[in-house]
Amino acid sequence: MKEKILSILRNTKAEDGFISGQSISDQLKVSRTAVWKSIQTLRKEGYEIEAVNNKGYKLISAPDIMTESEITSQMKTKWLGREFHFLSSVNSTNEYAKILSAGGSPDGTVVVGDQQTAGKGRLGRTWESPKGCAIYISYLLKPRDLRPEKASELTIVAALATAKALTRVTGVETGIKWPNDIIVEGKKVCGILTEMSTDLSHIEHVIIGIGVNVNMNSFPDELSEKAISLKMVLGHTVKRAPVICEMLSQFEKYYEIFMKTGDLSGIKKEYMDMLLDRDQKVQIIEHDTNRNWIGKATEITDDGALIVEKDDGSQVSVISGEVSVRGIYGYV
Ligand code: ADP
């Protein structure tokens with residue numbers, strides 16, 4: 001009910017932005033008192049809604065509170081996020097999505113947390129996840145016809161979609177560090193952790209977890225060289241719900257292109273345009289051998305591997321999950 005009213009207020013066609021209480025109650029087939037009560041609840045949540053005799057209601061501003069209604073009333077996707085779970089605190093949105101998957105939640109289910117108490121990075125690392133100032137989101141995907149070895153390509157799809165969404169909503173210039181870190185001003189504004197479960201040769205689920213630093217004012221010392229938030233770049237608070245909705249729209253779009261071609265060929269050009277490692281010298285750290293070598297990153301393959309040219313001119317394609325890539329002098 002609240003969600004529906006918010007969506008009506010947002011989509012009113014009237015020039016002055018007002019919509020009458022009668023018209024809302026007609027559309028929703030509820031009493032005007034019920035409409036009034038929901039408006040009061042929305043106000044308590046921080047929405048500024050003007051009420052004028054003979055004109056009705058008008059939405060003045062929405063707060064950066066991440067309620068379920070704030071997000072779902074702005075969602076424009078066809079299938080992504082149609083099952084939606086919002087948690088004010090969760091250990092890890094990826095862990096929660098795993099439980100949902102086992103319980104039968106469908107392809108496209110989305111989990112958003114306002115805080116993570118055990119946010120995860122790759123290789124058992126932690127993802128700093130304070131409350132109320134960031135986006136912690138997981139997409140549960142069940143692409144039964146995709147071969148398991150293709151799942152790592154989805155992390156590239158997610159990086160491109162997220163980078164595009166952040167730039168579209170905030171205007172901040174973003175770049176991608178292969179395969180999936182999103183970088184602003186040389187620091188990490190977003191990290192992505194993709195996890196998969198398979199049965200025999202089929203994908204049971206792929207869960208893509210994305211953490212975006214939105215409104216943090218600072219980071220703990222050990223991260224301050226490496227991490228940045230959108231607010232630290234822009235100098236003002238960014239509303240998270242519109243960012244989430246754009247992330248979902250962009251991911252849905254790029255995922256559909258990916259599923260059509262079955263590889264990254266349809267999005268590679270756009271990804272390469274955002275790739276910061278392109279034509280740069282990079283350090284490759286091999287996880288299993290701990291060997292560390294330097295080469296020039298040139299491009300990605302249609303399967304998402306990074307092609308690195310060694311000094312002797314030979315080319316090696318490295319696979320995410322097996323290596324970490326660092327800049328020569330620092331993180332990027
Ligand atoms: P990488 O492969 O770059 O090490 P991961 O995807 O494994 O990154 O993410 C975990 C790492 O990211 C942590 O070890 C930490 O250095 C860094 N990190 C943790 N929390 C944040 C955050 N909120 N913003 C940016 N970087 C973070």
# chains A, B, ... in the order shown; residues from 1 in each chain; ligands from 1
>>> closest_atom_pairs(of="chain A", to="ligand 1", cutoff="10 Å", atoms="only C-alpha atoms and all ligand atoms", output="CSV")
residue,atom,partner,partner_atom_place_in_ligand_line,distance
A:Gly119,CA,ligand 1,20 (N),8.1
A:Lys120,CA,ligand 1,10 (C),7.0
A:Gly121,CA,ligand 1,9 (O),3.9
A:Arg122,CA,ligand 1,7 (O),3.5
A:Leu123,CA,ligand 1,7 (O),6.1
A:Gly124,CA,ligand 1,7 (O),7.5
A:Arg125,CA,ligand 1,14 (O),4.9
A:Thr126,CA,ligand 1,13 (C),5.5
A:Trp127,CA,ligand 1,20 (N),3.6
A:Glu128,CA,ligand 1,20 (N),3.7
A:Ser129,CA,ligand 1,23 (N),5.9
A:Pro130,CA,ligand 1,23 (N),8.2
A:Ala134,CA,ligand 1,23 (N),8.4
A:Ile135,CA,ligand 1,23 (N),9.8
A:Tyr136,CA,ligand 1,23 (N),9.9
A:Lys177,CA,ligand 1,3 (O),8.9
A:Trp178,CA,ligand 1,3 (O),9.7
A:Pro179,CA,ligand 1,2 (O),9.3
A:Asn180,CA,ligand 1,6 (O),8.0
A:Asp181,CA,ligand 1,3 (O),6.9
A:Ile182,CA,ligand 1,25 (C),9.4
A:Ile183,CA,ligand 1,25 (C),9.4
A:Lys187,CA,ligand 1,25 (C),7.6
A:Lys188,CA,ligand 1,25 (C),4.9
A:Val189,CA,ligand 1,25 (C),5.8
A:Cys190,CA,ligand 1,24 (N),6.3
A:Gly191,CA,ligand 1,6 (O),5.3
A:Ile192,CA,ligand 1,6 (O),6.0
A:Leu193,CA,ligand 1,6 (O),6.2
A:Thr194,CA,ligand 1,6 (O),9.4
A:Ile210,CA,ligand 1,6 (O),9.6
A:Gly211,CA,ligand 1,23 (N),7.0
A:Val212,CA,ligand 1,23 (N),7.3
A:Asn213,CA,ligand 1,23 (N),5.9
A:Val214,CA,ligand 1,23 (N),9.5
A:Met216,CA,ligand 1,23 (N),9.0
A:Phe219,CA,ligand 1,23 (N),7.8
A:Pro220,CA,ligand 1,20 (N),9.4
A:Glu222,CA,ligand 1,16 (O),7.8
A:Leu223,CA,ligand 1,16 (O),6.2
A:Ser224,CA,ligand 1,25 (C),8.5
A:Glu225,CA,ligand 1,26 (N),9.3
A:Lys226,CA,ligand 1,26 (N),6.1
A:Ala227,CA,ligand 1,25 (C),4.0
A:Ile228,CA,ligand 1,25 (C),6.6
A:Ser229,CA,ligand 1,24 (N),7.8
A:Ser320,CA,ligand 1,2 (O),9.7
A:Gly321,CA,ligand 1,2 (O),9.1
A:Val323,CA,ligand 1,2 (O),8.9
A:Ser324,CA,ligand 1,2 (O),6.1
A:Val325,CA,ligand 1,2 (O),7.9
A:Arg326,CA,ligand 1,3 (O),8.2
A:Tyr331,CA,ligand 1,3 (O),7.8
A:Val332,CA,ligand 1,3 (O),9.3
>>> residues_around(residues="region 138-152 of chain A", least_positions_apart="5", cutoff="7 Å", atoms="only C-alpha atoms", output="JSON, numbers by chain")
{"A": [93, 94, 97, 107, 108, 109, 110, 111, 112, 201, 202, 203, 204, 205, 206, 207, 208, 209, 210]}
>>> write_last_selection(atoms="all heavy atoms", output="tab-separated table (two decimals), in the first residue's frame")
chain	number	residue	atom	x	y	z
A	93	THR	N	25.03	-10.43	2.45
A	93	THR	CA	23.90	-10.59	1.52
A	93	THR	C	24.09	-11.85	0.67
A	93	THR	O	23.13	-12.52	0.31
A	93	THR	CB	23.70	-9.36	0.62
A	93	THR	OG1	24.91	-9.06	-0.06
A	93	THR	CG2	23.26	-8.15	1.43
A	94	ASN	N	25.36	-12.20	0.35
A	94	ASN	CA	25.59	-13.43	-0.41
A	94	ASN	C	25.16	-14.67	0.39
A	94	ASN	O	24.56	-15.59	-0.17
A	94	ASN	CB	27.07	-13.56	-0.78
A	94	ASN	CG	27.39	-12.93	-2.14
A	94	ASN	OD1	26.67	-12.06	-2.61
A	94	ASN	ND2	28.47	-13.38	-2.76
A	97	ALA	N	21.45	-14.85	0.38
A	97	ALA	CA	20.95	-15.28	-0.94
A	97	ALA	C	21.12	-16.80	-1.11
A	97	ALA	O	20.29	-17.46	-1.74
A	97	ALA	CB	21.66	-14.52	-2.05
A	107	ASP	N	15.31	-17.35	-9.95
A	107	ASP	CA	16.25	-16.57	-10.73
A	107	ASP	C	15.85	-15.10	-10.65
A	107	ASP	O	14.67	-14.78	-10.83
A	107	ASP	CB	16.14	-17.06	-12.19
A	107	ASP	CG	17.11	-16.39	-13.13
A	107	ASP	OD1	18.27	-16.17	-12.74
A	107	ASP	OD2	16.70	-16.08	-14.26
A	108	GLY	N	16.80	-14.22	-10.37
A	108	GLY	CA	16.50	-12.79	-10.35
A	108	GLY	C	16.16	-12.24	-8.97
A	108	GLY	O	15.92	-11.05	-8.82
A	109	THR	N	16.15	-13.11	-7.96
A	109	THR	CA	15.90	-12.63	-6.60
A	109	THR	C	17.02	-11.69	-6.17
A	109	THR	O	18.20	-11.93	-6.47
A	109	THR	CB	15.81	-13.83	-5.63
A	109	THR	OG1	14.67	-14.62	-6.00
A	109	THR	CG2	15.67	-13.39	-4.18
A	110	VAL	N	16.66	-10.63	-5.47
A	110	VAL	CA	17.65	-9.64	-5.03
A	110	VAL	C	17.58	-9.47	-3.52
A	110	VAL	O	16.49	-9.42	-2.94
A	110	VAL	CB	17.42	-8.29	-5.75
A	110	VAL	CG1	18.23	-7.17	-5.11
A	110	VAL	CG2	17.76	-8.41	-7.23
A	111	VAL	N	18.76	-9.40	-2.89
A	111	VAL	CA	18.84	-9.15	-1.45
A	111	VAL	C	19.61	-7.85	-1.24
A	111	VAL	O	20.71	-7.68	-1.78
A	111	VAL	CB	19.62	-10.28	-0.74
A	111	VAL	CG1	19.71	-10.01	0.76
A	111	VAL	CG2	19.00	-11.64	-1.01
A	112	VAL	N	19.04	-6.94	-0.45
A	112	VAL	CA	19.75	-5.71	-0.10
A	112	VAL	C	19.87	-5.63	1.41
A	112	VAL	O	18.92	-5.90	2.13
A	112	VAL	CB	18.99	-4.46	-0.62
A	112	VAL	CG1	19.57	-3.18	-0.04
A	112	VAL	CG2	19.05	-4.39	-2.14
A	201	SER	N	27.01	-31.19	-13.85
A	201	SER	CA	27.60	-30.21	-14.77
A	201	SER	C	26.72	-28.99	-14.94
A	201	SER	O	26.87	-28.23	-15.89
A	201	SER	CB	27.84	-30.89	-16.12
A	201	SER	OG	26.60	-31.37	-16.57
A	202	HIS	N	25.78	-28.80	-14.01
A	202	HIS	CA	24.86	-27.66	-14.13
A	202	HIS	C	25.09	-26.62	-13.04
A	202	HIS	O	25.47	-26.96	-11.92
A	202	HIS	CB	23.42	-28.13	-14.02
A	202	HIS	CG	22.88	-28.67	-15.30
A	202	HIS	ND1	22.58	-27.86	-16.36
A	202	HIS	CD2	22.59	-29.93	-15.67
A	202	HIS	CE1	22.13	-28.60	-17.35
A	202	HIS	NE2	22.14	-29.87	-16.96
A	203	ILE	N	24.78	-25.39	-13.40
A	203	ILE	CA	24.81	-24.35	-12.38
A	203	ILE	C	23.53	-24.44	-11.56
A	203	ILE	O	22.43	-24.48	-12.10
A	203	ILE	CB	24.89	-22.95	-13.04
A	203	ILE	CG1	26.26	-22.76	-13.70
A	203	ILE	CG2	24.62	-21.86	-12.02
A	203	ILE	CD1	26.42	-21.43	-14.42
A	204	GLU	N	23.70	-24.52	-10.23
A	204	GLU	CA	22.54	-24.47	-9.34
A	204	GLU	C	22.18	-23.00	-9.13
A	204	GLU	O	21.05	-22.60	-9.26
A	204	GLU	CB	22.92	-25.09	-8.00
A	204	GLU	CG	21.91	-26.03	-7.44
A	204	GLU	CD	22.55	-26.89	-6.36
A	204	GLU	OE1	23.43	-26.37	-5.62
A	204	GLU	OE2	22.19	-28.05	-6.26
A	205	HIS	N	23.20	-22.23	-8.79
A	205	HIS	CA	23.02	-20.78	-8.73
A	205	HIS	C	24.35	-20.07	-8.86
A	205	HIS	O	25.41	-20.64	-8.60
A	205	HIS	CB	22.31	-20.34	-7.44
A	205	HIS	CG	23.11	-20.58	-6.19
A	205	HIS	ND1	22.62	-21.23	-5.08
A	205	HIS	CD2	24.38	-20.23	-5.85
A	205	HIS	CE1	23.54	-21.28	-4.14
A	205	HIS	NE2	24.62	-20.68	-4.58
A	206	VAL	N	24.26	-18.83	-9.31
A	206	VAL	CA	25.39	-17.91	-9.23
A	206	VAL	C	24.89	-16.75	-8.39
A	206	VAL	O	23.77	-16.26	-8.61
A	206	VAL	CB	25.79	-17.38	-10.63
A	206	VAL	CG1	26.91	-16.35	-10.50
A	206	VAL	CG2	26.22	-18.52	-11.54
A	207	ILE	N	25.68	-16.36	-7.42
A	207	ILE	CA	25.30	-15.21	-6.59
A	207	ILE	C	26.35	-14.13	-6.77
A	207	ILE	O	27.54	-14.37	-6.57
A	207	ILE	CB	25.16	-15.62	-5.12
A	207	ILE	CG1	23.97	-16.58	-4.97
A	207	ILE	CG2	24.95	-14.38	-4.24
A	207	ILE	CD1	23.86	-17.23	-3.61
A	208	ILE	N	25.89	-12.97	-7.22
A	208	ILE	CA	26.80	-11.85	-7.42
A	208	ILE	C	26.56	-10.85	-6.31
A	208	ILE	O	25.47	-10.28	-6.20
A	208	ILE	CB	26.57	-11.19	-8.79
A	208	ILE	CG1	26.76	-12.24	-9.90
A	208	ILE	CG2	27.51	-10.01	-8.98
A	208	ILE	CD1	26.58	-11.69	-11.29
A	209	GLY	N	27.56	-10.68	-5.46
A	209	GLY	CA	27.44	-9.73	-4.34
A	209	GLY	C	28.23	-8.47	-4.68
A	209	GLY	O	29.36	-8.54	-5.14
A	210	ILE	N	27.59	-7.33	-4.48
A	210	ILE	CA	28.21	-6.06	-4.84
A	210	ILE	C	28.16	-5.12	-3.64
A	210	ILE	O	27.10	-4.94	-3.04
A	210	ILE	CB	27.48	-5.41	-6.04
A	210	ILE	CG1	27.39	-6.40	-7.22
A	210	ILE	CG2	28.17	-4.11	-6.47
A	210	ILE	CD1	26.57	-5.91	-8.39
>>> closest_residue(among="A:Glu173, A:Glu322, A:Glu3, A:Glu70", to="Leu230 (chain A)", atoms="only C-alpha atoms")
A:Glu173
>>> closest_residue(among="A:His85, A:Leu9, A:Glu195, A:Gly330", to="Glu48 (chain A)", atoms="only C-alpha atoms")
A:Leu9
>>> closest_residue(among="A:Ile285, A:Ile300, A:Ala158, A:Ile137", to="Ser92 (chain A)", atoms="only C-alpha atoms")
A:Ile137
>>> closest_residue(among="A:Glu309, A:Glu45, A:Glu83, A:Asp114", to="Ser101 (chain A)", atoms="only C-alpha atoms")
A:Glu83
>>> residues_around(residues="Gly132 (chain A)", least_positions_apart="4", cutoff="10 Å", atoms="only C-alpha atoms", output="list in words")
Asp64, Ile65, Met66, Ser88, Ser89, Gly113, Asp114, Gln115, Val214, Asn215, Met216 and Arg240 of chain A
>>> atom_distance(atom1="CA of Lys29 (chain A)", atom2="CA of Ile60 (chain A)")
24.5 Å
>>> residues_around(residues="Arg43 (chain A)", least_positions_apart="3", cutoff="12 Å", atoms="only C-alpha atoms", output="list in words")
Lys2, Leu6, Trp36, Lys37, Ser38, Ile39, Gln40, Gly46, Tyr47, Glu48, Ile49, Glu50, Ala51, Tyr57, Lys58, Leu59, Ile60, Ser61, Ala62, Pro63 and Ile65 of chain A
>>> closest_residue(among="A:Lys164, A:Lys310, A:Lys253, A:Arg10", to="Glu270 (chain A)", atoms="only C-alpha atoms")
A:Lys164
>>> select_by_dssp(residues="region 221-331 of chain A", states="strand (DSSP E or B)", output="ChimeraX atom specification")
/A:227,275,281-286,292-300,306-309,315-318,320,323-327
>>> select_by_dssp(residues="region 98-329 of chain A", states="alpha helix (DSSP H)", output="VMD selection string")
chain A and resid 98 to 102 151 to 170 230 to 234 240 to 261 268 to 274
>>> closest_residue(among="A:Ala241, A:Gly56, A:Glu15, A:Glu286", to="Arg32 (chain A)", atoms="only C-alpha atoms")
A:Gly56
>>> residues_around(residues="Gly295 (chain A)", least_positions_apart="2", cutoff="12 Å", atoms="only C-alpha atoms", output="PyMOL selection string")
chain A and resi 277-285+292-293+297-298+306-318+325-328
>>> write_last_selection(atoms="N, CA and C atoms", output="JSON list (two decimals), in the first residue's frame")
[["chain", "number", "residue", "atom", "x", "y", "z"],
["A", 277, "ASP", "N", 43.25, -0.94, -16.82],
["A", 277, "ASP", "CA", 44.49, -1.68, -17.06],
["A", 277, "ASP", "C", 44.90, -1.67, -18.53],
["A", 278, "ARG", "N", 44.02, -1.26, -19.39],
["A", 278, "ARG", "CA", 44.26, -1.31, -20.82],
["A", 278, "ARG", "C", 45.56, -0.59, -21.18],
["A", 279, "ASP", "N", 46.43, -1.31, -21.87],
["A", 279, "ASP", "CA", 47.72, -0.79, -22.30],
["A", 279, "ASP", "C", 48.61, -0.30, -21.16],
["A", 280, "GLN", "N", 48.34, -0.80, -19.96],
["A", 280, "GLN", "CA", 49.14, -0.42, -18.79],
["A", 280, "GLN", "C", 50.03, -1.58, -18.37],
["A", 281, "LYS", "N", 51.17, -1.23, -17.76],
["A", 281, "LYS", "CA", 51.99, -2.27, -17.13],
["A", 281, "LYS", "C", 51.32, -2.69, -15.84],
["A", 282, "VAL", "N", 51.21, -3.98, -15.66],
["A", 282, "VAL", "CA", 50.57, -4.49, -14.44],
["A", 282, "VAL", "C", 51.42, -5.60, -13.83],
["A", 283, "GLN", "N", 51.20, -5.79, -12.54],
["A", 283, "GLN", "CA", 51.84, -6.91, -11.84],
["A", 283, "GLN", "C", 50.82, -8.04, -11.75],
["A", 284, "ILE", "N", 51.25, -9.22, -12.11],
["A", 284, "ILE", "CA", 50.36, -10.37, -12.00],
["A", 284, "ILE", "C", 50.84, -11.24, -10.83],
["A", 285, "ILE", "N", 49.97, -11.46, -9.88],
["A", 285, "ILE", "CA", 50.32, -12.30, -8.74],
["A", 285, "ILE", "C", 49.57, -13.62, -8.88],
["A", 292, "ASN", "N", 55.19, -13.72, -9.09],
["A", 292, "ASN", "CA", 54.80, -12.34, -9.34],
["A", 292, "ASN", "C", 55.55, -11.88, -10.58],
["A", 293, "TRP", "N", 54.85, -11.49, -11.62],
["A", 293, "TRP", "CA", 55.55, -11.02, -12.82],
["A", 293, "TRP", "C", 54.86, -9.80, -13.42],
["A", 297, "ALA", "N", 49.01, -5.17, -19.93],
["A", 297, "ALA", "CA", 47.66, -5.69, -20.19],
["A", 297, "ALA", "C", 47.17, -5.08, -21.50],
["A", 298, "THR", "N", 46.66, -5.91, -22.40],
["A", 298, "THR", "CA", 46.21, -5.35, -23.67],
["A", 298, "THR", "C", 44.69, -5.37, -23.82],
["A", 306, "LEU", "N", 42.25, -11.94, -19.17],
["A", 306, "LEU", "CA", 43.02, -10.73, -19.47],
["A", 306, "LEU", "C", 44.27, -11.14, -20.24],
["A", 307, "ILE", "N", 44.48, -10.50, -21.38],
["A", 307, "ILE", "CA", 45.68, -10.80, -22.16],
["A", 307, "ILE", "C", 46.80, -9.87, -21.72],
["A", 308, "VAL", "N", 47.90, -10.49, -21.32],
["A", 308, "VAL", "CA", 49.04, -9.71, -20.82],
["A", 308, "VAL", "C", 50.26, -10.04, -21.68],
["A", 309, "GLU", "N", 50.91, -9.00, -22.17],
["A", 309, "GLU", "CA", 52.07, -9.16, -23.04],
["A", 309, "GLU", "C", 53.34, -9.06, -22.21],
["A", 310, "LYS", "N", 54.16, -10.09, -22.30],
["A", 310, "LYS", "CA", 55.43, -10.05, -21.56],
["A", 310, "LYS", "C", 56.46, -9.25, -22.34],
["A", 311, "ASP", "N", 57.58, -8.90, -21.69],
["A", 311, "ASP", "CA", 58.63, -8.10, -22.35],
["A", 311, "ASP", "C", 59.15, -8.76, -23.63],
["A", 312, "ASP", "N", 59.19, -10.10, -23.62],
["A", 312, "ASP", "CA", 59.71, -10.80, -24.81],
["A", 312, "ASP", "C", 58.65, -10.89, -25.92],
["A", 313, "GLY", "N", 57.51, -10.22, -25.72],
["A", 313, "GLY", "CA", 56.50, -10.18, -26.77],
["A", 313, "GLY", "C", 55.49, -11.31, -26.69],
["A", 314, "SER", "N", 55.74, -12.31, -25.87],
["A", 314, "SER", "CA", 54.78, -13.41, -25.77],
["A", 314, "SER", "C", 53.53, -12.95, -25.01],
["A", 315, "GLN", "N", 52.41, -13.59, -25.36],
["A", 315, "GLN", "CA", 51.15, -13.20, -24.72],
["A", 315, "GLN", "C", 50.64, -14.30, -23.82],
["A", 316, "VAL", "N", 50.19, -13.91, -22.64],
["A", 316, "VAL", "CA", 49.64, -14.88, -21.70],
["A", 316, "VAL", "C", 48.22, -14.44, -21.39],
["A", 317, "SER", "N", 47.29, -15.39, -21.39],
["A", 317, "SER", "CA", 45.97, -14.94, -20.93],
["A", 317, "SER", "C", 45.75, -15.45, -19.51],
["A", 318, "VAL", "N", 45.46, -14.53, -18.62],
["A", 318, "VAL", "CA", 45.28, -14.89, -17.21],
["A", 318, "VAL", "C", 43.80, -14.90, -16.86],
["A", 325, "VAL", "N", 45.64, -8.82, -9.93],
["A", 325, "VAL", "CA", 46.35, -7.85, -10.74],
["A", 325, "VAL", "C", 46.53, -6.58, -9.92],
["A", 326, "ARG", "N", 47.73, -6.06, -9.93],
["A", 326, "ARG", "CA", 48.01, -4.81, -9.24],
["A", 326, "ARG", "C", 48.73, -3.87, -10.18],
["A", 327, "GLY", "N", 48.69, -2.58, -9.86],
["A", 327, "GLY", "CA", 49.49, -1.63, -10.63],
["A", 327, "GLY", "C", 50.96, -1.83, -10.27],
["A", 328, "ILE", "N", 51.82, -1.15, -10.99],
["A", 328, "ILE", "CA", 53.25, -1.29, -10.74],
["A", 328, "ILE", "C", 53.61, -0.60, -9.44]]
